[in-house]
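Here is the structure we will look at.
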Amino acid sequence: MTNQRKKCPHCGSTSTLPIAYGLISDEGHKKNNESREWVWGGCKYGQNGTDHCNECGENFGEKIDYTPKNPIDPEKLLDGLDKLTYHLEPENRIPKLYSEAITEANGDEEEAERIYESMLIQLFIK
Ligand SMILES: [Zn+2]
């Protein structure tokens, strides 16, 4: 078992434990307090690395970065809003989408406009 454990990059000790993540039951924690097979890293998977060193107390291994990789590009959003506003005008409606909305609304024009608008949002914003 010991030789399967990873070596700490900070102090070189092989007295390390894997880090467990997620919701773990009280019973799970109690059991582990006796057997010490892992250390708990929190609920967010991977935020503290993959392993913990018993010797120096450092965590190591690959961390998962929760910073969103593709934040909404404000220019794209503005562009999307422009298109949305444009195509909301009755004379600029996209015929295919609007007829789908009419069908879905069973001919109710007010309802169709709401559906059409949400279709445009799907199309240009999301
Ligand atoms: Zn260490």
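In the structure tokens, chains take the letters A, B, ... in the order shown, each chain's residues start at 1, and ligands count up from 1 in the order shown.
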Practice prompt. Could you tell me, counting only C-alpha atoms and all ligand atoms, which protein and nucleic acid residues lie no more than 9 Å from ligand 1, written as a list in words?
Written response: Lys7, Cys8, Pro9, His10, Cys11, Gly12, Ser13, Thr14, Ser15, Thr16, His52, Cys53, Asn54, Glu55, Cys56, Gly57, Glu58, Asn59 and Phe60 of chain A
Residues as selected, N, CA and C atoms, written as a PDB file, in the first residue's frame, can you do that?
```
ATOM      1  N   LYS A   7       4.895  10.649  -3.837  1.00  0.00           N
ATOM      2  CA  LYS A   7       5.944  11.337  -3.118  1.00  0.00           C
ATOM      3  C   LYS A   7       5.628  12.824  -3.094  1.00  0.00           C
ATOM      4  N   CYS A   8       5.787  13.414  -1.910  1.00  0.00           N
ATOM      5  CA  CYS A   8       5.497  14.841  -1.787  1.00  0.00           C
ATOM      6  C   CYS A   8       6.556  15.664  -2.515  1.00  0.00           C
ATOM      7  N   PRO A   9       6.146  16.544  -3.423  1.00  0.00           N
ATOM      8  CA  PRO A   9       7.121  17.358  -4.150  1.00  0.00           C
ATOM      9  C   PRO A   9       7.740  18.443  -3.269  1.00  0.00           C
ATOM     10  N   HIS A  10       7.166  18.679  -2.093  1.00  0.00           N
ATOM     11  CA  HIS A  10       7.671  19.738  -1.221  1.00  0.00           C
ATOM     12  C   HIS A  10       8.776  19.238  -0.303  1.00  0.00           C
ATOM     13  N   CYS A  11       8.586  18.042   0.292  1.00  0.00           N
ATOM     14  CA  CYS A  11       9.576  17.561   1.255  1.00  0.00           C
ATOM     15  C   CYS A  11      10.100  16.164   0.911  1.00  0.00           C
ATOM     16  N   GLY A  12       9.524  15.518  -0.108  1.00  0.00           N
ATOM     17  CA  GLY A  12      10.026  14.203  -0.516  1.00  0.00           C
ATOM     18  C   GLY A  12       9.477  13.049   0.275  1.00  0.00           C
ATOM     19  N   SER A  13       8.631  13.322   1.258  1.00  0.00           N
ATOM     20  CA  SER A  13       8.059  12.251   2.065  1.00  0.00           C
ATOM     21  C   SER A  13       7.087  11.407   1.237  1.00  0.00           C
ATOM     22  N   THR A  14       7.025  10.117   1.532  1.00  0.00           N
ATOM     23  CA  THR A  14       6.031   9.281   0.862  1.00  0.00           C
ATOM     24  C   THR A  14       4.853   9.001   1.796  1.00  0.00           C
ATOM     25  N   SER A  15       4.840   9.690   2.929  1.00  0.00           N
ATOM     26  CA  SER A  15       3.700   9.577   3.830  1.00  0.00           C
ATOM     27  C   SER A  15       2.619  10.541   3.353  1.00  0.00           C
ATOM     28  N   THR A  16       1.933  10.121   2.303  1.00  0.00           N
ATOM     29  CA  THR A  16       0.922  10.990   1.718  1.00  0.00           C
ATOM     30  C   THR A  16      -0.408  10.265   1.622  1.00  0.00           C
ATOM     31  N   HIS A  52      -2.308  14.776  -0.294  1.00  0.00           N
ATOM     32  CA  HIS A  52      -1.946  15.539   0.895  1.00  0.00           C
ATOM     33  C   HIS A  52      -0.733  14.888   1.557  1.00  0.00           C
ATOM     34  N   CYS A  53       0.218  15.730   2.000  1.00  0.00           N
ATOM     35  CA  CYS A  53       1.424  15.197   2.649  1.00  0.00           C
ATOM     36  C   CYS A  53       1.262  15.248   4.167  1.00  0.00           C
ATOM     37  N   ASN A  54       1.425  14.098   4.820  1.00  0.00           N
ATOM     38  CA  ASN A  54       1.297  14.047   6.281  1.00  0.00           C
ATOM     39  C   ASN A  54       2.486  14.697   6.973  1.00  0.00           C
ATOM     40  N   GLU A  55       3.602  14.740   6.249  1.00  0.00           N
ATOM     41  CA  GLU A  55       4.847  15.220   6.848  1.00  0.00           C
ATOM     42  C   GLU A  55       4.863  16.743   6.953  1.00  0.00           C
ATOM     43  N   CYS A  56       4.652  17.414   5.820  1.00  0.00           N
ATOM     44  CA  CYS A  56       4.740  18.878   5.830  1.00  0.00           C
ATOM     45  C   CYS A  56       3.363  19.544   5.739  1.00  0.00           C
ATOM     46  N   GLY A  57       2.335  18.755   5.515  1.00  0.00           N
ATOM     47  CA  GLY A  57       0.988  19.311   5.503  1.00  0.00           C
ATOM     48  C   GLY A  57       0.575  19.984   4.208  1.00  0.00           C
ATOM     49  N   GLU A  58       1.454  19.939   3.186  1.00  0.00           N
ATOM     50  CA  GLU A  58       1.103  20.570   1.910  1.00  0.00           C
ATOM     51  C   GLU A  58       0.213  19.651   1.076  1.00  0.00           C
ATOM     52  N   ASN A  59      -0.614  20.260   0.236  1.00  0.00           N
ATOM     53  CA  ASN A  59      -1.355  19.501  -0.764  1.00  0.00           C
ATOM     54  C   ASN A  59      -0.635  19.638  -2.090  1.00  0.00           C
ATOM     55  N   PHE A  60      -0.747  18.629  -2.918  1.00  0.00           N
ATOM     56  CA  PHE A  60      -0.106  18.715  -4.229  1.00  0.00           C
ATOM     57  C   PHE A  60      -0.916  17.942  -5.260  1.00  0.00           C
TER      58      PHE A  60
END
```
Extract, using only C-alpha atoms, all DNA, RNA and protein residues at most 9 Å from region 90-104 of chain A, discarding same-chain residues fewer than 5 positions from it, and format them as a list of chain:residue names.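 Neighbouring residues, sequence-local ones excluded: A:Glu109, A:Glu111, A:Ala112, A:Glu113, A:Arg114, A:Ile115, A:Tyr116, A:Met119, A:Leu120.
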Please, which residues of chain A, numbered as in this document, come out alpha helix (DSSP H) from DSSP, as a PyMOL selection string?
chain A and resi 26-35+74-88+95-104+109-124
Looking at only C-alpha atoms, which of A:Glu117, A:Asn33, A:Arg5, A:Ala20 is the one that sits closest to Leu81 (chain A)?
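Ranking A:Glu117, A:Asn33, A:Arg5, A:Ala20 by distance to Leu81 (chain A), first place goes to A:Glu117.
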In Å, how far is it from CA of Phe124 (chain A) to CA of Tyr86 (chain A)?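 Pair CA of Phe124 (chain A) / CA of Tyr86 (chain A) returns 11.3 Å.
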Env of region 42-51 of chain A: 8 Å cut, atoms = only C-alpha atoms, seq-sep filter 5 positions within chain, self excluded. Answer as a PyMOL selection string. chain A and resi 6+16-23+59-66
Print the selection's residues with N, CA and C atoms to a file, as a PDB file, in the first residue's frame.
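Once written, again-v4.pdb looks like this:
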```pdb
ATOM      1  N   LYS A   6       2.001   8.567  -3.361  1.00  0.00           N
ATOM      2  CA  LYS A   6       2.823   9.504  -4.107  1.00  0.00           C
ATOM      3  C   LYS A   6       3.834  10.195  -3.212  1.00  0.00           C
ATOM      4  N   THR A  16       1.933  10.121   2.303  1.00  0.00           N
ATOM      5  CA  THR A  16       0.922  10.990   1.718  1.00  0.00           C
ATOM      6  C   THR A  16      -0.408  10.265   1.622  1.00  0.00           C
ATOM      7  N   LEU A  17      -1.466  11.030   1.508  1.00  0.00           N
ATOM      8  CA  LEU A  17      -2.801  10.450   1.381  1.00  0.00           C
ATOM      9  C   LEU A  17      -3.525  11.106   0.204  1.00  0.00           C
ATOM     10  N   PRO A  18      -4.332  10.325  -0.499  1.00  0.00           N
ATOM     11  CA  PRO A  18      -5.137  10.943  -1.556  1.00  0.00           C
ATOM     12  C   PRO A  18      -6.183  11.866  -0.947  1.00  0.00           C
ATOM     13  N   ILE A  19      -6.543  12.897  -1.681  1.00  0.00           N
ATOM     14  CA  ILE A  19      -7.575  13.819  -1.211  1.00  0.00           C
ATOM     15  C   ILE A  19      -8.924  13.400  -1.788  1.00  0.00           C
ATOM     16  N   ALA A  20      -9.904  13.268  -0.909  1.00  0.00           N
ATOM     17  CA  ALA A  20     -11.247  12.919  -1.356  1.00  0.00           C
ATOM     18  C   ALA A  20     -12.118  14.176  -1.389  1.00  0.00           C
ATOM     19  N   TYR A  21     -12.999  14.243  -2.387  1.00  0.00           N
ATOM     20  CA  TYR A  21     -13.875  15.408  -2.519  1.00  0.00           C
ATOM     21  C   TYR A  21     -15.340  15.001  -2.511  1.00  0.00           C
ATOM     22  N   GLY A  22     -16.148  16.003  -2.350  1.00  0.00           N
ATOM     23  CA  GLY A  22     -17.586  15.779  -2.457  1.00  0.00           C
ATOM     24  C   GLY A  22     -18.216  15.641  -1.090  1.00  0.00           C
ATOM     25  N   LEU A  23     -19.513  15.427  -1.105  1.00  0.00           N
ATOM     26  CA  LEU A  23     -20.235  15.257   0.150  1.00  0.00           C
ATOM     27  C   LEU A  23     -19.958  13.860   0.690  1.00  0.00           C
ATOM     28  N   ASN A  59      -0.614  20.260   0.236  1.00  0.00           N
ATOM     29  CA  ASN A  59      -1.355  19.501  -0.764  1.00  0.00           C
ATOM     30  C   ASN A  59      -0.635  19.638  -2.090  1.00  0.00           C
ATOM     31  N   PHE A  60      -0.747  18.629  -2.918  1.00  0.00           N
ATOM     32  CA  PHE A  60      -0.106  18.715  -4.229  1.00  0.00           C
ATOM     33  C   PHE A  60      -0.916  17.942  -5.260  1.00  0.00           C
ATOM     34  N   GLY A  61      -0.449  17.964  -6.493  1.00  0.00           N
ATOM     35  CA  GLY A  61      -1.180  17.333  -7.586  1.00  0.00           C
ATOM     36  C   GLY A  61      -1.964  18.385  -8.351  1.00  0.00           C
ATOM     37  N   GLU A  62      -2.554  17.924  -9.420  1.00  0.00           N
ATOM     38  CA  GLU A  62      -3.244  18.858 -10.306  1.00  0.00           C
ATOM     39  C   GLU A  62      -4.458  19.481  -9.630  1.00  0.00           C
ATOM     40  N   LYS A  63      -4.548  20.792  -9.723  1.00  0.00           N
ATOM     41  CA  LYS A  63      -5.711  21.481  -9.178  1.00  0.00           C
ATOM     42  C   LYS A  63      -6.661  21.799 -10.322  1.00  0.00           C
ATOM     43  N   ILE A  64      -7.938  21.830  -9.985  1.00  0.00           N
ATOM     44  CA  ILE A  64      -8.904  22.216 -11.002  1.00  0.00           C
ATOM     45  C   ILE A  64      -9.280  23.670 -10.779  1.00  0.00           C
ATOM     46  N   ASP A  65      -9.144  24.442 -11.828  1.00  0.00           N
ATOM     47  CA  ASP A  65      -9.420  25.865 -11.756  1.00  0.00           C
ATOM     48  C   ASP A  65     -10.890  26.103 -12.100  1.00  0.00           C
ATOM     49  N   TYR A  66     -11.592  26.764 -11.186  1.00  0.00           N
ATOM     50  CA  TYR A  66     -13.021  26.973 -11.425  1.00  0.00           C
ATOM     51  C   TYR A  66     -13.346  28.305 -12.093  1.00  0.00           C
TER      52      TYR A  66
END
```
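Shortest atom-to-atom contact with Trp40 (chain A) among A:Ile24, A:Leu77, A:Ile125, A:Ala105: A:Ile24, counting only C-alpha atoms.
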As a tab-separated table (two decimals) with all heavy atoms, in the first residue's frame, please: all residues of region 15-52 of chain A that backbone DSSP puts in strand (DSSP E or B).
```tsv
chain	number	residue	atom	x	y	z
A	16	THR	N	1.93	10.12	2.30
A	16	THR	CA	0.92	10.99	1.72
A	16	THR	C	-0.41	10.27	1.62
A	16	THR	O	-0.45	9.03	1.64
A	16	THR	CB	1.34	11.44	0.30
A	16	THR	OG1	1.47	10.29	-0.53
A	16	THR	CG2	2.66	12.20	0.32
A	17	LEU	N	-1.47	11.03	1.51
A	17	LEU	CA	-2.80	10.45	1.38
A	17	LEU	C	-3.52	11.11	0.20
A	17	LEU	O	-3.36	12.30	-0.03
A	17	LEU	CB	-3.61	10.70	2.65
A	17	LEU	CG	-3.22	9.91	3.90
A	17	LEU	CD1	-3.98	10.45	5.10
A	17	LEU	CD2	-3.49	8.43	3.70
A	18	PRO	N	-4.33	10.33	-0.50
A	18	PRO	CA	-5.14	10.94	-1.56
A	18	PRO	C	-6.18	11.87	-0.95
A	18	PRO	O	-6.64	11.64	0.17
A	18	PRO	CB	-5.78	9.75	-2.26
A	18	PRO	CG	-5.73	8.63	-1.29
A	18	PRO	CD	-4.54	8.88	-0.40
A	19	ILE	N	-6.54	12.90	-1.68
A	19	ILE	CA	-7.58	13.82	-1.21
A	19	ILE	C	-8.92	13.40	-1.79
A	19	ILE	O	-9.04	13.17	-2.99
A	19	ILE	CB	-7.24	15.27	-1.63
A	19	ILE	CG1	-5.93	15.72	-0.97
A	19	ILE	CG2	-8.38	16.21	-1.24
A	19	ILE	CD1	-5.49	17.11	-1.39
A	20	ALA	N	-9.90	13.27	-0.91
A	20	ALA	CA	-11.25	12.92	-1.36
A	20	ALA	C	-12.12	14.18	-1.39
A	20	ALA	O	-11.98	15.06	-0.56
A	20	ALA	CB	-11.86	11.89	-0.42
A	21	TYR	N	-13.00	14.24	-2.39
A	21	TYR	CA	-13.87	15.41	-2.52
A	21	TYR	C	-15.34	15.00	-2.51
A	21	TYR	O	-15.68	13.84	-2.69
A	21	TYR	CB	-13.57	16.13	-3.84
A	21	TYR	CG	-12.22	16.79	-3.84
A	21	TYR	CD1	-11.14	16.17	-4.42
A	21	TYR	CD2	-12.05	18.03	-3.25
A	21	TYR	CE1	-9.89	16.78	-4.42
A	21	TYR	CE2	-10.82	18.65	-3.24
A	21	TYR	CZ	-9.74	18.02	-3.83
A	21	TYR	OH	-8.53	18.61	-3.83
A	39	VAL	N	-7.72	12.22	2.96
A	39	VAL	CA	-8.08	13.44	3.66
A	39	VAL	C	-9.16	14.13	2.85
A	39	VAL	O	-9.22	13.98	1.63
A	39	VAL	CB	-6.87	14.40	3.86
A	39	VAL	CG1	-5.87	13.82	4.83
A	39	VAL	CG2	-6.21	14.72	2.54
A	40	TRP	N	-9.99	14.86	3.53
A	40	TRP	CA	-11.10	15.50	2.83
A	40	TRP	C	-10.67	16.85	2.27
A	40	TRP	O	-10.07	17.66	2.96
A	40	TRP	CB	-12.28	15.67	3.80
A	40	TRP	CG	-13.54	16.04	3.10
A	40	TRP	CD1	-14.10	15.41	2.03
A	40	TRP	CD2	-14.40	17.13	3.40
A	40	TRP	NE1	-15.27	16.03	1.65
A	40	TRP	CE2	-15.48	17.09	2.48
A	40	TRP	CE3	-14.39	18.14	4.37
A	40	TRP	CZ2	-16.51	18.02	2.49
A	40	TRP	CZ3	-15.43	19.05	4.39
A	40	TRP	CH2	-16.47	18.99	3.46
A	41	GLY	N	-10.99	17.08	0.99
A	41	GLY	CA	-10.55	18.31	0.34
A	41	GLY	C	-11.63	19.36	0.19
A	41	GLY	O	-11.38	20.46	-0.29
A	42	GLY	N	-12.85	19.03	0.57
A	42	GLY	CA	-13.94	19.99	0.39
A	42	GLY	C	-14.94	19.48	-0.62
A	42	GLY	O	-14.83	18.36	-1.12
A	51	ASP	N	-3.40	15.10	-3.74
A	51	ASP	CA	-2.82	14.38	-2.60
A	51	ASP	C	-2.41	15.33	-1.47
A	51	ASP	O	-2.16	16.51	-1.70
A	51	ASP	CB	-1.60	13.57	-3.06
A	51	ASP	CG	-2.01	12.46	-4.01
A	51	ASP	OD1	-2.11	12.74	-5.22
A	51	ASP	OD2	-2.26	11.36	-3.54
A	52	HIS	N	-2.31	14.78	-0.29
A	52	HIS	CA	-1.95	15.54	0.90
A	52	HIS	C	-0.73	14.89	1.56
A	52	HIS	O	-0.65	13.66	1.66
A	52	HIS	CB	-3.13	15.55	1.87
A	52	HIS	CG	-2.82	16.16	3.19
A	52	HIS	ND1	-2.83	17.52	3.40
A	52	HIS	CD2	-2.47	15.58	4.37
A	52	HIS	CE1	-2.50	17.76	4.67
A	52	HIS	NE2	-2.28	16.61	5.27
```
As a check of understanding: the span from CA of Asn70 (chain A) to CA of Lys83 (chain A) is 21.3 Å
As an exercise, work out the distance from CA of Ile72 (chain A) to CA of Ser118 (chain A) in Å and give it to one decimal place.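 Distance between the two atoms: 18.6 Å.
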